[in-house]
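Undergrad: What follows is entry-v6.pdb; its format and atoms are PDB, C-alpha atoms.
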```pdb
MODEL        1
ATOM      1  CA  MET A   1       0.000   0.000   0.000
ATOM      2  CA  VAL A   2       1.263   3.475  -0.928
ATOM      3  CA  MET A   3       0.272   6.707   0.808
ATOM      4  CA  ALA A   4       0.103  10.284  -0.486
ATOM      5  CA  ARG A   5      -0.603  13.504   1.378
ATOM      6  CA  VAL A   6      -3.149  16.177   0.514
ATOM      7  CA  THR A   7      -1.705  19.692   0.193
ATOM      8  CA  SER A   8      -3.304  22.833   1.652
ATOM      9  CA  LYS A   9      -4.799  23.419  -1.816
ATOM     10  CA  GLY A  10      -6.436  19.985  -1.837
ATOM     11  CA  GLN A  11      -3.970  18.538  -4.342
ATOM     12  CA  VAL A  12      -2.523  15.036  -4.271
ATOM     13  CA  THR A  13       0.407  13.634  -6.213
ATOM     14  CA  ILE A  14      -0.426  10.134  -7.368
ATOM     15  CA  PRO A  15       2.595   7.923  -6.640
ATOM     16  CA  VAL A  16       4.394   6.664  -9.732
ATOM     17  CA  GLU A  17       3.739   2.997  -8.856
ATOM     18  CA  VAL A  18       0.000   3.666  -8.775
ATOM     19  CA  ARG A  19       0.064   5.688 -12.035
ATOM     20  CA  LYS A  20       1.951   2.916 -13.790
ATOM     21  CA  SER A  21      -0.265   0.118 -12.499
ATOM     22  CA  LEU A  22      -3.435   1.994 -13.547
ATOM     23  CA  GLY A  23      -1.988   3.337 -16.799
ATOM     24  CA  ILE A  24      -2.670   6.947 -15.823
ATOM     25  CA  LYS A  25      -1.089   9.436 -18.244
ATOM     26  CA  ALA A  26      -0.841  13.234 -18.322
ATOM     27  CA  GLY A  27      -4.199  14.712 -19.338
ATOM     28  CA  ASP A  28      -6.255  11.801 -17.989
ATOM     29  CA  GLY A  29      -8.924  12.615 -15.429
ATOM     30  CA  LEU A  30     -10.060  10.958 -12.230
ATOM     31  CA  LEU A  31     -13.748  10.571 -11.478
ATOM     32  CA  PHE A  32     -14.387  10.357  -7.730
ATOM     33  CA  GLU A  33     -17.309   8.580  -6.101
ATOM     34  CA  ALA A  34     -18.355   9.666  -2.611
ATOM     35  CA  PRO A  35     -17.827   7.219   0.256
ATOM     36  CA  ARG A  36     -20.406   4.487   0.681
ATOM     37  CA  ASP A  37     -21.790   3.168   3.954
ATOM     38  CA  ASP A  38     -18.629   1.152   4.564
ATOM     39  CA  GLY A  39     -16.485   4.327   4.331
ATOM     40  CA  MET A  40     -14.758   3.259   1.100
ATOM     41  CA  ALA A  41     -14.505   5.873  -1.649
ATOM     42  CA  ARG A  42     -13.738   4.941  -5.264
ATOM     43  CA  PHE A  43     -12.282   6.640  -8.282
ATOM     44  CA  ARG A  44     -12.174   5.796 -11.948
ATOM     45  CA  VAL A  45      -9.598   6.821 -14.552
ATOM     46  CA  VAL A  46     -11.135   8.783 -17.418
ATOM     47  CA  ARG A  47      -8.696   8.526 -20.271
ATOM     48  CA  GLN A  48      -8.120  11.534 -22.482
ATOM     49  CA  ARG A  49      -8.988  10.533 -26.020
ATOM     50  CA  ARG A  50      -6.111  10.945 -28.423
ATOM     51  CA  LEU A  51      -6.915  12.339 -31.882
ATOM     52  CA  PRO A  52      -6.133   9.100 -33.781
ATOM     53  CA  GLU A  53      -8.603   7.250 -31.522
ATOM     54  CA  LEU A  54     -11.400   9.533 -32.741
ATOM     55  CA  ALA A  55     -10.975   8.640 -36.419
ATOM     56  CA  GLY A  56     -14.237   7.188 -37.684
ATOM     57  CA  ALA A  57     -16.150   8.150 -34.537
ATOM     58  CA  LEU A  58     -18.715  10.083 -36.575
ATOM     59  CA  PRO A  59     -20.345   8.845 -39.759
ATOM     60  CA  ALA A  60     -19.288  10.657 -42.932
ATOM     61  CA  THR A  61     -22.070  12.737 -44.480
ATOM     62  CA  ARG A  62     -20.250  12.954 -47.822
ATOM     63  CA  SER A  63     -17.159  11.503 -49.417
ATOM     64  CA  TYR A  64     -13.767  13.158 -48.920
ATOM     65  CA  PRO A  65     -12.820  14.943 -52.159
ATOM     66  CA  GLY A  66      -9.078  14.802 -51.481
ATOM     67  CA  LYS A  67      -6.463  17.149 -50.102
ATOM     68  CA  GLU A  68      -5.955  19.151 -53.299
ATOM     69  CA  ALA A  69      -9.674  19.803 -53.774
ATOM     70  CA  VAL A  70      -9.956  20.995 -50.176
ATOM     71  CA  ARG A  71      -6.989  23.336 -50.624
ATOM     72  CA  GLU A  72      -8.457  24.771 -53.828
ATOM     73  CA  GLU A  73     -11.817  25.404 -52.132
ATOM     74  CA  VAL A  74     -10.111  27.103 -49.166
ATOM     75  CA  GLY A  75      -8.129  29.270 -51.592
ATOM     76  CA  ARG A  76     -11.277  30.304 -53.474
ATOM     77  CA  THR A  77     -13.098  31.109 -50.220
ATOM     78  CA  ARG A  78     -10.205  33.169 -48.855
ATOM     79  CA  GLY A  79      -9.920  34.991 -52.189
ATOM     80  CA  ARG A  80     -13.612  35.951 -52.031
ATOM     81  CA  GLU A  81     -13.206  37.123 -48.413
ATOM     82  CA  ARG A  82     -10.213  39.285 -49.300
ATOM     83  CA  SER A  83     -11.941  40.828 -52.304
ATOM     84  CA  ARG A  84     -14.833  41.962 -50.058
ATOM     85  CA  ARG A  85     -12.581  43.745 -47.533
ATOM     86  CA  PRO A  86     -12.076  47.501 -47.970
ATOM     87  CA  GLU A  87      -8.546  48.607 -48.723
ATOM     88  CA  PRO A  88      -6.682  50.034 -45.669
TER      89      PRO A  88
ENDMDL
END
```
Give the structure from the file, written as structure tokens.
TA:
Amino acid sequence: MVMARVTSKGQVTIPVEVRKSLGIKAGDGLLFEAPRDDGMARFRVVRQRRLPELAGALPATRSYPGKEAVREEVGRTRGRERSRRPEP
């Protein structure tokens, strides 16, 4: 069993052995559950989702036209925006 102290600001450093055994990484969260009748409190690790893990999370509403087509469309849009601005 490993012990940690609570600071005056209510902060706790999770010991490295505990972080490693639970796979806790920077950016992850901890969800705390209030103590039950037996006095035991629980927490759960809420993993921060990494960008590659989100690929395919939402259904595509249209096909991807390709990188070059996207760049051309962005260029046209920015050109229209610039042409509407008054000269300084």
Undergrad: Can you work out the spacing between atom CA of A:Leu31 and atom CA of A:Gln48 in Å, to one decimal?
TA: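 Interatomic distance here is 12.4 Å.
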Undergrad: List every protein, DNA or RNA residue with an atom no more than 7 Å from (-6.5, 11.2, -20.1) in the file's coordinates, counting only C-alpha atoms, and format the result as number ranges by chain.
TA: A: 25-29, 46-49
Undergrad: In terms of the shortest atom-to-atom distance over all atoms listed in the file, which of A:Gly75, A:Thr13, A:Thr61, A:Ile24 is closest to A:Arg44?
TA: A:Ile24
Undergrad: Pick out the residues sitting within 8 Å of stretch 21-23 of chain A, and hand them over as a ChimeraX atom specification; count only C-alpha atoms, and ignore anything fewer than 3 positions along from it in its own chain.
TA: /A:17-18,45
Undergrad: In Å, rounded to a single decimal, give me how far atom CA of A:Glu73 is from atom CA of A:Pro52.
TA: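 One can read the atom CA of A:Pro52 to atom CA of A:Glu73 distance as 25.2 Å.
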Undergrad: Report, in Å to a single decimal, how far apart atom CA of A:Ala41 and atom CA of A:Val12 are.
TA: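 Distance between the two atoms: 15.3 Å.
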Undergrad: Which one is closest to A:Met1: A:Arg42, A:Pro15, A:Arg78, A:Arg85? Count only C-alpha atoms.
TA: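 Of the candidates, the smallest distance to A:Met1 is held by A:Pro15.
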